[in-house]
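Novice: Below is the file upload-v5.txt, with compact mmCIF, C-alpha atoms and all ligand atoms.
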# COMPACT_ATOMS: atom_id res chain seq x y z
CA MET I 1 74.02 98.27 85.90
CA MET I 2 77.38 98.08 84.34
CA LEU I 3 80.55 98.74 86.22
CA LYS I 4 83.81 98.41 84.37
CA ILE I 5 87.04 97.64 86.15
CA LYS I 6 90.43 98.44 84.65
CA SER I 7 93.56 97.31 86.45
CA PHE I 8 97.17 98.38 86.07
CA THR I 9 100.19 96.83 87.77
CA PHE I 10 102.64 99.46 88.95
CA ASN I 11 105.91 100.03 90.82
CA PRO I 12 108.51 97.50 92.02
CA PHE I 13 105.94 96.04 94.47
CA GLN I 14 103.76 95.01 91.49
CA GLU I 15 100.80 96.78 93.05
CA ASN I 16 97.42 96.72 91.35
CA THR I 17 95.88 100.12 90.67
CA PHE I 18 92.22 100.29 89.62
CA ILE I 19 89.88 102.57 87.75
CA LEU I 20 86.18 101.83 88.21
CA TYR I 21 83.86 103.52 85.75
CA ASP I 22 80.36 103.23 84.39
CA GLU I 23 78.55 103.78 81.10
CA THR I 24 78.39 107.53 81.74
CA LYS I 25 82.23 107.45 81.81
CA SER I 26 82.32 108.70 85.36
CA GLY I 27 85.12 107.01 87.27
CA VAL I 28 87.09 106.67 90.49
CA LEU I 29 90.79 105.95 90.86
CA ILE I 30 91.77 103.48 93.58
CA ASP I 31 95.28 103.01 95.04
CA PRO I 32 97.36 104.79 92.40
CA GLY I 33 100.73 103.07 92.71
CA CYS I 34 102.11 104.74 89.58
CA ALA I 35 105.58 105.82 90.61
CA ASP I 36 107.24 107.16 87.50
CA LEU I 37 106.52 109.04 84.31
CA ALA I 38 105.93 105.94 82.19
CA GLU I 39 103.40 104.47 84.62
CA ARG I 40 101.58 107.77 84.99
CA ARG I 41 101.47 108.13 81.22
CA GLU I 42 99.95 104.65 80.90
CA LEU I 43 97.16 105.65 83.27
CA GLU I 44 96.66 109.02 81.59
CA GLU I 45 96.39 107.41 78.16
CA PHE I 46 93.75 104.97 79.32
CA VAL I 47 91.68 107.75 80.90
CA LEU I 48 92.01 109.82 77.73
CA ASP I 49 91.27 106.96 75.30
CA GLU I 50 88.17 105.88 77.24
CA GLY I 51 87.04 109.46 77.82
CA ILE I 52 86.72 108.89 81.55
CA GLN I 53 85.90 111.72 83.88
CA LEU I 54 87.58 110.86 87.19
CA THR I 55 85.74 112.23 90.21
CA GLN I 56 87.38 110.70 93.27
CA LEU I 57 90.64 109.25 94.52
CA LEU I 58 90.26 106.41 97.02
CA ASN I 59 92.79 104.37 99.01
CA THR I 60 91.98 100.92 100.40
CA HIS I 61 94.83 101.62 102.83
CA CYS I 62 97.93 103.78 102.82
CA HIS I 63 101.02 101.60 102.54
CA VAL I 64 103.68 103.13 100.31
CA ASP I 65 103.03 100.96 97.24
CA HIS I 66 99.36 102.01 97.17
CA VAL I 67 99.89 105.76 97.54
CA LEU I 68 102.90 106.57 95.35
CA GLY I 69 100.68 108.36 92.83
CA ASN I 70 98.32 110.07 95.30
CA ALA I 71 99.79 113.57 95.12
CA TRP I 72 100.19 113.36 91.35
CA ALA I 73 96.60 112.12 90.80
CA LYS I 74 95.14 114.79 93.07
CA ARG I 75 96.92 117.49 91.12
CA ARG I 76 96.59 116.01 87.63
CA TYR I 77 92.83 115.38 87.86
CA GLY I 78 91.83 117.72 90.69
CA LEU I 79 90.62 114.79 92.78
CA PRO I 80 89.78 114.80 96.48
CA LEU I 81 91.46 111.93 98.36
CA SER I 82 89.33 109.76 100.64
CA ILE I 83 90.75 107.29 103.15
CA HIS I 84 89.53 105.73 106.39
CA GLN I 85 90.35 107.86 109.42
CA ASN I 86 92.48 105.08 110.95
CA GLU I 87 94.84 105.38 107.99
CA ILE I 88 95.88 108.95 108.82
CA PRO I 89 99.03 107.87 110.73
CA VAL I 90 99.74 105.18 108.12
CA LEU I 91 99.69 107.77 105.33
CA LYS I 92 101.71 110.22 107.41
CA SER I 93 104.44 107.66 108.07
CA VAL I 94 105.02 107.00 104.35
CA GLU I 95 107.02 110.21 103.96
CA VAL I 96 109.35 108.98 106.71
CA TYR I 97 110.07 105.50 105.32
CA ALA I 98 109.56 105.96 101.54
CA PRO I 99 113.23 106.90 100.90
CA GLN I 100 114.35 103.66 102.56
CA TYR I 101 112.28 101.75 100.01
CA GLY I 102 113.91 103.63 97.15
CA PHE I 103 111.16 106.18 96.62
CA ALA I 104 113.24 109.29 97.29
CA SER I 105 110.92 111.43 95.20
CA TYR I 106 107.74 110.44 97.07
CA GLU I 107 105.49 113.45 97.42
CA SER I 108 103.27 113.41 100.49
CA THR I 109 99.68 114.56 100.52
CA GLU I 110 96.76 114.55 102.91
CA ALA I 111 93.26 113.13 102.81
CA ASP I 112 90.37 115.46 102.00
CA HIS I 113 87.55 113.20 103.18
CA PHE I 114 87.16 110.18 105.41
CA LEU I 115 85.49 106.95 104.44
CA VAL I 116 83.03 105.42 106.86
CA GLU I 117 82.07 101.75 107.19
CA ASN I 118 79.06 100.81 105.02
CA GLN I 119 79.06 104.17 103.28
CA THR I 120 77.87 104.26 99.68
CA LEU I 121 79.87 106.01 96.95
CA ALA I 122 78.46 106.94 93.56
CA ILE I 123 80.26 106.23 90.30
CA GLY I 124 78.00 107.78 87.68
CA LYS I 125 74.80 105.73 87.91
CA GLU I 126 76.43 102.97 89.93
CA ASN I 127 77.00 102.65 93.66
CA ILE I 128 79.78 100.93 95.52
CA GLU I 129 79.82 100.11 99.23
CA VAL I 130 82.68 100.78 101.60
CA LEU I 131 83.31 97.71 103.77
CA PHE I 132 85.68 97.86 106.74
CA VAL I 133 88.24 95.03 106.82
CA PRO I 134 91.09 96.05 109.16
CA GLY I 135 93.98 93.78 110.15
CA HIS I 136 96.53 94.29 107.36
CA ALA I 137 96.25 98.00 108.14
CA PRO I 138 94.14 99.63 110.87
CA GLY I 139 91.84 101.51 108.51
CA HIS I 140 91.72 99.10 105.59
CA VAL I 141 88.54 99.28 103.53
CA VAL I 142 87.36 97.37 100.46
CA PHE I 143 85.00 98.57 97.73
CA TYR I 144 82.08 96.34 96.77
CA HIS I 145 79.78 96.62 93.78
CA LYS I 146 76.78 94.52 94.71
CA GLU I 147 75.05 94.41 91.31
CA SER I 148 78.01 92.92 89.46
CA LYS I 149 79.42 91.09 92.53
CA GLN I 150 82.89 92.59 92.24
CA CYS I 151 85.10 93.75 95.07
CA ILE I 152 88.37 95.69 95.19
CA CYS I 153 89.86 94.06 98.27
CA GLY I 154 93.29 95.70 98.59
CA ASP I 155 95.76 93.73 100.70
CA THR I 156 93.22 91.91 102.88
CA LEU I 157 93.31 88.71 100.86
CA PHE I 158 95.20 87.40 97.83
CA ARG I 159 94.59 84.34 95.69
CA GLY I 160 95.69 81.59 98.10
CA SER I 161 97.06 83.97 100.71
CA ILE I 162 96.30 86.89 103.02
CA GLY I 163 97.88 90.26 103.76
CA ARG I 164 100.91 90.48 106.01
CA THR I 165 100.25 91.73 109.52
CA ASP I 166 103.76 92.48 110.77
CA LEU I 167 103.67 96.15 109.78
CA PRO I 168 102.65 98.89 112.27
CA GLY I 169 98.92 98.68 112.99
CA GLY I 170 98.70 95.10 111.72
CA ASP I 171 96.64 92.53 113.61
CA HIS I 172 96.65 88.92 112.40
CA HIS I 173 93.65 87.67 114.39
CA LEU I 174 91.59 90.70 113.47
CA LEU I 175 92.40 90.17 109.78
CA LEU I 176 91.30 86.53 109.85
CA GLN I 177 88.14 87.49 111.72
CA LYS I 178 87.21 90.33 109.37
CA ILE I 179 87.89 88.29 106.22
CA ARG I 180 85.48 85.65 107.51
CA GLU I 181 82.90 88.15 108.78
CA VAL I 182 82.91 90.61 105.92
CA LEU I 183 84.49 89.19 102.73
CA PHE I 184 83.16 85.66 103.20
CA ALA I 185 79.67 87.07 103.78
CA LEU I 186 79.64 88.14 100.12
CA PRO I 187 78.20 85.70 97.55
CA ASP I 188 80.56 82.86 96.56
CA GLU I 189 80.70 84.05 92.96
CA THR I 190 81.94 87.51 93.99
CA ILE I 191 85.15 88.39 92.15
CA LEU I 192 87.86 89.71 94.45
CA TYR I 193 90.49 92.01 92.94
CA PRO I 194 93.47 92.11 95.32
CA GLY I 195 96.19 94.73 95.60
CA HIS I 196 98.75 92.22 94.29
CA GLY I 197 98.48 89.26 91.96
CA PRO I 198 95.49 87.83 90.08
CA ALA I 199 91.79 88.10 90.83
CA THR I 200 90.01 85.31 92.69
CA THR I 201 86.53 84.59 94.04
CA VAL I 202 85.02 84.35 97.50
CA GLY I 203 84.01 80.74 96.80
CA PHE I 204 87.50 79.71 95.69
CA GLU I 205 89.11 81.23 98.78
CA LYS I 206 86.55 79.67 101.13
CA GLN I 207 87.53 76.29 99.69
CA ASN I 208 91.25 76.74 99.18
CA ASN I 209 92.76 79.58 101.15
CA PRO I 210 95.29 78.07 103.58
CA PHE I 211 94.75 80.86 106.13
CA VAL I 212 90.99 81.37 106.13
CA GLY I 213 89.60 78.55 103.97
CA LYS I 214 87.64 75.57 105.24
CA ASN I 215 90.77 73.47 105.83
CA SER I 216 92.76 76.18 107.56
CA ILE I 217 94.01 75.44 111.04
CA TYR I 218 93.81 79.07 112.16
ZN ZN I 301 99.53 97.00 102.17
Please express what this file holds, its structure, as structure tokens.
Ligand SMILES: [Zn+2]
Specialist:
Amino acid sequence: MMLKIKSFTFNPFQENTFILYDETKSGVLIDPGCADLAERRELEEFVLDEGIQLTQLLNTHCHVDHVLGNAWAKRRYGLPLSIHQNEIPVLKSVEVYAPQYGFASYESTEADHFLVENQTLAIGKENIEVLFVPGHAPGHVVFYHKESKQCICGDTLFRGSIGRTDLPGGDHHLLLQKIREVLFALPDETILYPGHGPATTVGFEKQNNPFVGKNSIY
């Protein structure tokens, strides 16, 4: 019952990319934001040095900063891409707006499988659960490893903040509701690894988060 989590911070949006792997060196790649050669090389070197066998590519959601390395990772490691079905239009739209964000060389790709709420995914001998937390994006999921109480929470919640909801498919009330219903139902000591910025815990955010914490007015 050991799940290791490696994080990288990539692209001008300072997006956190994750590799989850276990003692058998089986791993999954989550939200590859690696946008250029140097960032991709950094990821490749880690995979090589650790001897990790990547088996799956997962997206918490499909905003541009989380999918910049999707096509590359699929090709480089032969990985199938899994996203929630509600993210299909979100992923599709990236090719339209990526150039406006300065990512002229963005290469689009499609999902191979669809993630379902409460589904279990295997990483070697470990299992992670797919939890559905829409609001920042319509098909946003988070990945929870129960045994080690660790959760890759994407852009649902950040240390002291929450994801923006002004992008297409965003829903502020739904996000607040799902954070409380799903993320805050996890044990207080659960470590949350957001898509941007440092890790936090469920307990810390329940106490201190100005949007969803105990003293929030929302
Ligand atoms: Zn996002």
Novice: Check which residues of chain I sit at most 12 Å from ligand ZN 301 (chain I) using all atoms listed in the file, and return one row each with the closest pair of atoms and their distance in Å to one decimal, ordered by chain and rising number, as a tab-separated table.
Specialist:
residue	atom	partner	partner_atom	distance
I:Phe13	CA	I:ZN301	ZN	10.1
I:Gln14	CA	I:ZN301	ZN	11.7
I:Glu15	CA	I:ZN301	ZN	9.2
I:Asn16	CA	I:ZN301	ZN	11.0
I:Asp31	CA	I:ZN301	ZN	10.2
I:Gly33	CA	I:ZN301	ZN	11.3
I:Asn59	CA	I:ZN301	ZN	10.5
I:Thr60	CA	I:ZN301	ZN	8.7
I:His61	CA	I:ZN301	ZN	6.6
I:Cys62	CA	I:ZN301	ZN	7.0
I:His63	CA	I:ZN301	ZN	4.8
I:Val64	CA	I:ZN301	ZN	7.6
I:Asp65	CA	I:ZN301	ZN	7.2
I:His66	CA	I:ZN301	ZN	7.1
I:Val67	CA	I:ZN301	ZN	9.9
I:Glu87	CA	I:ZN301	ZN	11.2
I:Val90	CA	I:ZN301	ZN	10.1
I:Leu91	CA	I:ZN301	ZN	11.2
I:Val94	CA	I:ZN301	ZN	11.6
I:Pro134	CA	I:ZN301	ZN	11.0
I:Gly135	CA	I:ZN301	ZN	10.2
I:His136	CA	I:ZN301	ZN	6.6
I:Ala137	CA	I:ZN301	ZN	6.9
I:Pro138	CA	I:ZN301	ZN	10.6
I:Gly139	CA	I:ZN301	ZN	10.9
I:His140	CA	I:ZN301	ZN	8.8
I:Val141	CA	I:ZN301	ZN	11.3
I:Cys153	CA	I:ZN301	ZN	10.8
I:Gly154	CA	I:ZN301	ZN	7.3
I:Asp155	CA	I:ZN301	ZN	5.2
I:Thr156	CA	I:ZN301	ZN	8.1
I:Leu157	CA	I:ZN301	ZN	10.4
I:Phe158	CA	I:ZN301	ZN	11.4
I:Ile162	CA	I:ZN301	ZN	10.6
I:Gly163	CA	I:ZN301	ZN	7.1
I:Arg164	CA	I:ZN301	ZN	7.7
I:Thr165	CA	I:ZN301	ZN	9.1
I:Asp166	CA	I:ZN301	ZN	10.6
I:Leu167	CA	I:ZN301	ZN	8.7
I:Pro168	CA	I:ZN301	ZN	10.7
I:Gly169	CA	I:ZN301	ZN	11.0
I:Gly170	CA	I:ZN301	ZN	9.8
I:Pro194	CA	I:ZN301	ZN	10.4
I:Gly195	CA	I:ZN301	ZN	7.7
I:His196	CA	I:ZN301	ZN	9.2
Novice: Go through I:Gln53, I:Ala98, I:Phe143, I:Glu205 and flag the residue nearest Gln119 in chain I, using all atoms listed in the file for the distances.
Specialist: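 So, comparing all the options, the nearest one is I:Phe143.
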Novice: Choose the residue, out of I:Pro99, I:Glu126, I:Ala111, I:Arg75, that has the smallest atom-to-atom separation from Glu23 in chain I; count all atoms listed in the file.
Specialist: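 Comparing I:Pro99, I:Glu126, I:Ala111, I:Arg75 against Glu23 in chain I, the winner is I:Glu126.
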Novice: Have a look at I:Asn127, I:Asp36, I:Leu175, I:Glu50 and name the one nearest to Lys6 in chain I; count only C-alpha atoms.
Specialist: I:Glu50
Novice: In Å, with one decimal, what is the gap from CA of Tyr193 in chain I to CA of Ile152 in chain I?
Specialist: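 Answer for the CA of Tyr193 in chain I to CA of Ile152 in chain I separation: 4.8 Å.
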Novice: Near Arg159 in chain I, within 10 Å and counting all atoms listed in the file, which residues show up once chain neighbours fewer than 6 positions away are dropped, as a ChimeraX atom specification?
Specialist: /I:192-194,196-202,204-205,208-209
Novice: Hey, which of I:Leu176, I:Leu81, I:Val182, I:Ile52 ends up closest to Asp22 in chain I? Count only C-alpha atoms.
Specialist: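 The answer is I:Ile52, which sits nearest to Asp22 in chain I.
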Novice: Mind pulling up the distance from CA of Ile191 in chain I to CA of Trp72 in chain I?
Specialist: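 The value is 29.2 Å.
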Novice: For a quick check of understanding, using only C-alpha atoms, which of I:Ser7, I:Thr190, I:Gln85, I:Thr24 has the smallest distance to Cys151 in chain I?
Specialist: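 Among the listed residues, I:Thr190 lies closest to Cys151 in chain I.
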Novice: Between CA of Met2 in chain I and CA of Ala122 in chain I, measure the distance and give it in Å to one decimal.
Specialist: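 We find that CA of Met2 in chain I and CA of Ala122 in chain I lie 12.8 Å from each other.
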Novice: From the options I:Thr55, I:Val212, I:Ile5, I:Leu68, which residue's atoms come nearest to Tyr144 in chain I, counting only C-alpha atoms?
Specialist: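 For Tyr144 in chain I, the nearest of the candidates is I:Ile5.
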Novice: Find the residues around range 95-97 of chain I up to 8 Å (all atoms listed in the file counted), leave out those fewer than 2 positions away in its own chain, and share them as a PyMOL selection string.
Specialist: chain I and resi 91-93+99-101+106-108
Novice: Using the file's own x, y and z axes, what box holds all listed atoms of range 12-16 of chain I with 3 Å on each side, keeping edges along x, y and z, and what are its centre and edge lengths in Å to one decimal, as JSON?
Specialist:
{"center_x": 103.0, "center_y": 96.3, "center_z": 92.9, "size_x": 17.1, "size_y": 8.5, "size_z": 9.1}
Novice: Would you pick out the contacts of Arg41 in chain I at 12 Å or less, using only C-alpha atoms, so that residues sharing its chain but fewer than 3 positions from it are not included, and give the list as a list in words?
Specialist: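 The residues satisfying every condition are Phe8, Phe10, Cys34, Ala35, Asp36, Leu37, Ala38, Glu44, Glu45, Phe46, Val47, Leu48, Asp49, Gly69, Trp72, Ala73 and Arg76 of chain I.
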Novice: Just write range 109-127 of chain I with N, CA and C atoms, as a PDB file, in the first residue's frame, taken from the block above.
Specialist:
ATOM      1  N   THR I 109      -5.936  16.026 -29.839  1.00  0.00           N
ATOM      2  CA  THR I 109      -6.083  14.576 -29.803  1.00  0.00           C
ATOM      3  C   THR I 109      -7.443  14.266 -29.186  1.00  0.00           C
ATOM      4  N   GLU I 110      -7.866  13.026 -29.309  1.00  0.00           N
ATOM      5  CA  GLU I 110      -9.168  12.660 -28.766  1.00  0.00           C
ATOM      6  C   GLU I 110      -9.032  11.647 -27.650  1.00  0.00           C
ATOM      7  N   ALA I 111     -10.089  11.557 -26.840  1.00  0.00           N
ATOM      8  CA  ALA I 111     -10.100  10.578 -25.751  1.00  0.00           C
ATOM      9  C   ALA I 111     -10.323   9.177 -26.318  1.00  0.00           C
ATOM     10  N   ASP I 112      -9.747   8.195 -25.638  1.00  0.00           N
ATOM     11  CA  ASP I 112      -9.934   6.798 -26.029  1.00  0.00           C
ATOM     12  C   ASP I 112     -10.942   6.097 -25.135  1.00  0.00           C
ATOM     13  N   HIS I 113     -11.039   6.570 -23.885  1.00  0.00           N
ATOM     14  CA  HIS I 113     -11.978   5.968 -22.928  1.00  0.00           C
ATOM     15  C   HIS I 113     -12.620   7.085 -22.121  1.00  0.00           C
ATOM     16  N   PHE I 114     -13.754   6.750 -21.506  1.00  0.00           N
ATOM     17  CA  PHE I 114     -14.433   7.743 -20.677  1.00  0.00           C
ATOM     18  C   PHE I 114     -14.502   7.303 -19.225  1.00  0.00           C
ATOM     19  N   LEU I 115     -14.166   8.240 -18.361  1.00  0.00           N
ATOM     20  CA  LEU I 115     -14.167   7.983 -16.923  1.00  0.00           C
ATOM     21  C   LEU I 115     -15.574   8.147 -16.378  1.00  0.00           C
ATOM     22  N   VAL I 116     -15.924   7.263 -15.461  1.00  0.00           N
ATOM     23  CA  VAL I 116     -17.256   7.288 -14.869  1.00  0.00           C
ATOM     24  C   VAL I 116     -17.130   7.528 -13.364  1.00  0.00           C
ATOM     25  N   GLU I 117     -18.065   8.293 -12.816  1.00  0.00           N
ATOM     26  CA  GLU I 117     -18.082   8.595 -11.390  1.00  0.00           C
ATOM     27  C   GLU I 117     -17.955   7.311 -10.551  1.00  0.00           C
ATOM     28  N   ASN I 118     -17.084   7.369  -9.561  1.00  0.00           N
ATOM     29  CA  ASN I 118     -16.859   6.260  -8.611  1.00  0.00           C
ATOM     30  C   ASN I 118     -16.191   5.021  -9.209  1.00  0.00           C
ATOM     31  N   GLN I 119     -15.722   5.157 -10.411  1.00  0.00           N
ATOM     32  CA  GLN I 119     -14.961   4.079 -11.052  1.00  0.00           C
ATOM     33  C   GLN I 119     -13.624   3.893 -10.326  1.00  0.00           C
ATOM     34  N   THR I 120     -13.108   2.679 -10.354  1.00  0.00           N
ATOM     35  CA  THR I 120     -11.807   2.389  -9.771  1.00  0.00           C
ATOM     36  C   THR I 120     -10.793   2.150 -10.885  1.00  0.00           C
ATOM     37  N   LEU I 121      -9.607   2.738 -10.735  1.00  0.00           N
ATOM     38  CA  LEU I 121      -8.536   2.540 -11.711  1.00  0.00           C
ATOM     39  C   LEU I 121      -7.351   1.898 -11.008  1.00  0.00           C
ATOM     40  N   ALA I 122      -6.735   0.923 -11.667  1.00  0.00           N
ATOM     41  CA  ALA I 122      -5.584   0.249 -11.062  1.00  0.00           C
ATOM     42  C   ALA I 122      -4.279   0.913 -11.479  1.00  0.00           C
ATOM     43  N   ILE I 123      -3.396   1.073 -10.486  1.00  0.00           N
ATOM     44  CA  ILE I 123      -2.016   1.498 -10.746  1.00  0.00           C
ATOM     45  C   ILE I 123      -1.154   0.424 -10.117  1.00  0.00           C
ATOM     46  N   GLY I 124      -0.708  -0.536 -10.904  1.00  0.00           N
ATOM     47  CA  GLY I 124       0.000  -1.684 -10.337  1.00  0.00           C
ATOM     48  C   GLY I 124      -0.900  -2.390  -9.339  1.00  0.00           C
ATOM     49  N   LYS I 125      -0.431  -2.448  -8.064  1.00  0.00           N
ATOM     50  CA  LYS I 125      -1.211  -3.106  -7.016  1.00  0.00           C
ATOM     51  C   LYS I 125      -2.163  -2.148  -6.309  1.00  0.00           C
ATOM     52  N   GLU I 126      -2.087  -0.882  -6.657  1.00  0.00           N
ATOM     53  CA  GLU I 126      -2.912   0.122  -5.977  1.00  0.00           C
ATOM     54  C   GLU I 126      -4.158   0.437  -6.783  1.00  0.00           C
ATOM     55  N   ASN I 127      -5.154   1.007  -6.087  1.00  0.00           N
ATOM     56  CA  ASN I 127      -6.371   1.447  -6.767  1.00  0.00           C
ATOM     57  C   ASN I 127      -6.651   2.891  -6.427  1.00  0.00           C
TER      58      ASN I 127
END
